[in-house]
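Report on one structure; see the data block that follows.
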Amino acid sequence: MSTLEKIGPAIAREGVITLQEAAEFIWREAELLDRQEYQEWLSLWLDEGLYIVPIERDQGDNAAKLNVLYDDAEMRKARVKRLKSGFSISSAPSARTVRTTSRFVLSAGDEASVEVRCAQHIVEYKFERTRVLAGDATYRLVRRAGELKMERKEVLLINSDDALWGVGYLI
Amino acid sequence: MDIKVRELRDVSDLVQPDRFDTSLYTDPEIFDAEMDRIFKGTWVWVAHASEVPNKGHFVKSFVGKEPVIVVRDKTGQVNVLLNRCRHRAASVCEQKRGKTSVFVCPYHGWSYALDGKLRAVPHASVYGDDFNKADFPLVSLRVEEYAGMIFATFRADIEPLVDFLGPAKKWIDLFMKQGAGHPVKTLGEHRFRFSGNWKIQLENTTDAYHFPIVHKTFLDSLDADTSNVFDVLGQGGWVEDLGKGHSVMVMIPALVDLEENLEDEIPERFRELADELRSEGYEEGEVRKVVRAVGGSGFNLNLFPNVACSMAFFRVLRPISVDETEIRHIAIGMDGGPEAGNRVRMRLHEHFQGPMGFGSPDDAEGWERVQRGAAAGEDVHVLVNRGIDPLIGHVAGSNVTDVSAETGMRAAYAQWKRMMSA
Ligand code: FES
Ligand SMILES: [Fe+2]
């Protein structure tokens, strides 16, 4: 049984992407990340998709700036391989996480794609220590063959330009 | 300035040539003494010149635990000022970096010039006639610069920076060749903290021994050629004690001098960049210079106590408490060189460094494990006895040890001992 079946398949739909549909997608993604079902997570992406965690606020073109991460498909695959390899001490095991996403706002949509902004709180636990990563997440979602896919996901942490810590999981 | 040095029990026997006492990681009293005797007793790196390129530019930094502002004044001189109002101590600057002509304290409005002079005091008449503004400038530290690296010290009586650096200067010069003929500038930075003593990070910059173990997943993410380049233990590298706690660890001897071997074949992973530069109209010679420098130098230069020129970036450490340390990994690139080259440098930096890099989180976890382990076995020593004997007949000279030797750590702890027992 695939993970997606375990936690409920995406319902194939057509037409304009609604707020409800986008929120359901992002909740499903959040659960995949908390459960570290990273292979499944990779399948939520378009090949040309970009996964970005910037450092500075309003930094404009991310490619021209230093980021916490700036992943194309190849880097995402390599990152997942690393996190699941069992050889990375910060992720074998990583901190446990529980995340919530809320405060969804739909903007800039058209027939086939939509931009969604939301709040994201991740609580992590490891070494007798519980910590919080909070950020604004922005998704560009598109419909391909009836399913939503991520074309872009950017997570701007509230303290991204201050000191963070070693994060051994995906945010 | 007079530095008050706290009383401390004799710590000189805590460090032996090949081992040291666990209390160096765990004792808050030793930490406080380190802040006085080491961080207020020597040259501490505060900024790179490119962070304050023009008059009025400032960047916040630290000397040990003390917050400072590094600012270029209207004469072009760089000042390092304690970030503390002379009235009732409020910080005068809470912006990370920027440009200004004055620092105004937000509490009662005292304002300071960029050289620290107190310029104006609101409602000054209530102070007596003997109140003299000249008596209350922002406290200004001694500042010297080498190759764009700005250092400050609380001490007027210590040696000039160039003497402090000594043989390390040659390695700084080599490191700055990463500009590929252009000045080096900073390109942004990753910052993260770990729950461990600052010296654990200081050790790590001169620790090739951990690389294939801790960074196995980084190595696995590279193509075969690049993975060979990062086979840091297998290329005849070495570690050398440069005196005063400084050391250099050469991991990739072929990349010590980036201006040499420009005619070598361009590695697979940089061919796309080479083609991009050619298509932008750069001459073949320039293309080769940029491409050869883009991955950084083949060595880590560890400068005691708080900065390293580490392959392709500056590593800066900041002690916060006996078991908390902040690290900055400052990316560098070409000032005025092709942007495509700087972009590749940033992507390479993101690949390894920072809170979600393929390398740093595993380093940080390793360092936290050292601190957690050091809670046990008070009377058990920490060993730094690996590779004591010099290598015989090595091309780099008679005074070098194996690349995975703990020579750089021994150099740092010998300096620690000198400064802490002085
Ligand atoms: S504390 Fe700065 S003006 Fe009073
Ligand atoms: Fe490392």
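Residues in the structure tokens are named by chain (A, B, ... in the order shown) and by number from 1 within that chain; ligands are numbered from 1 in the order shown.
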
Contacts to ligand 2 at 10 Å cut-off (only C-alpha atoms and all ligand atoms) as a PyMOL selection string: chain B and resi 201+204-215+352-353+359-364+366-367

Can you tell me which residues come within 12 Å of ligand 1 when counting only C-alpha atoms and all ligand atoms, ideally as a ChimeraX atom specification? /B:83-93,103-112,118-124,136-138

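The residue that comes closest to B:Glu144, out of B:Asn79, B:Ser279, B:Asn342, B:Gln235 and on the basis of only C-alpha atoms, is B:Asn79.
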
Using only C-alpha atoms, which residue out of A:Asn159, A:Gln39, A:Asn62, A:Ser113 lies closest to A:Arg76?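 Looking at the shortest contact to A:Arg76, the residue is A:Gln39.
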
Determine which residues of stretch 267-393 of chain B DSSP labels as helix (DSSP H, G or I) from the backbone of this structure, then write them out as a PyMOL selection string. chain B and resi 268-279+284-293+339-352+360-373

Could the residues of chain B within 9 Å of chain A, counting only C-alpha atoms, be given as a count of residues only, please? 43

Rounded to one decimal, what separation in Å do you get between atom CA of B:Ile266 and atom CA of B:Phe299?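 Value for the atom CA of B:Ile266-atom CA of B:Phe299 distance: 20.0 Å.
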
Would you give me, as a PyMOL selection string, the residues in stretch 9-120 of chain A that DSSP reads as strand (DSSP E)? chain A and resi 45-54+67-71+96-107+113-120

Report as a ChimeraX atom specification all protein, DNA and RNA residues lying within 10 Å of stretch 164-181 of chain B, evaluated on only C-alpha atoms, omitting residues in the same chain fewer than 6 positions from it. /B:42-43,146-149,158,241-248,255-259,286-304,308-313,332-337,342

Kindly give the distance, in Å, that separates atom CA of B:Asp18 and atom CA of B:Ile388, rounded to a single decimal.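 These atoms are spaced 8.4 Å apart.
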
With a distance cut-off of 10 Å and only C-alpha atoms, select the neighbouring residues of B:Thr226, excluding the residue or stretch itself and same-chain residues fewer than 6 positions from it, and output the selection as a list of chain:residue names. B:Leu219, B:Pro267, B:Glu268, B:Arg269

By how many Å are atom CA of B:Val78 and atom CA of B:Asp135 apart?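 Computed distance, atom CA of B:Val78 to atom CA of B:Asp135, equals 21.1 Å.
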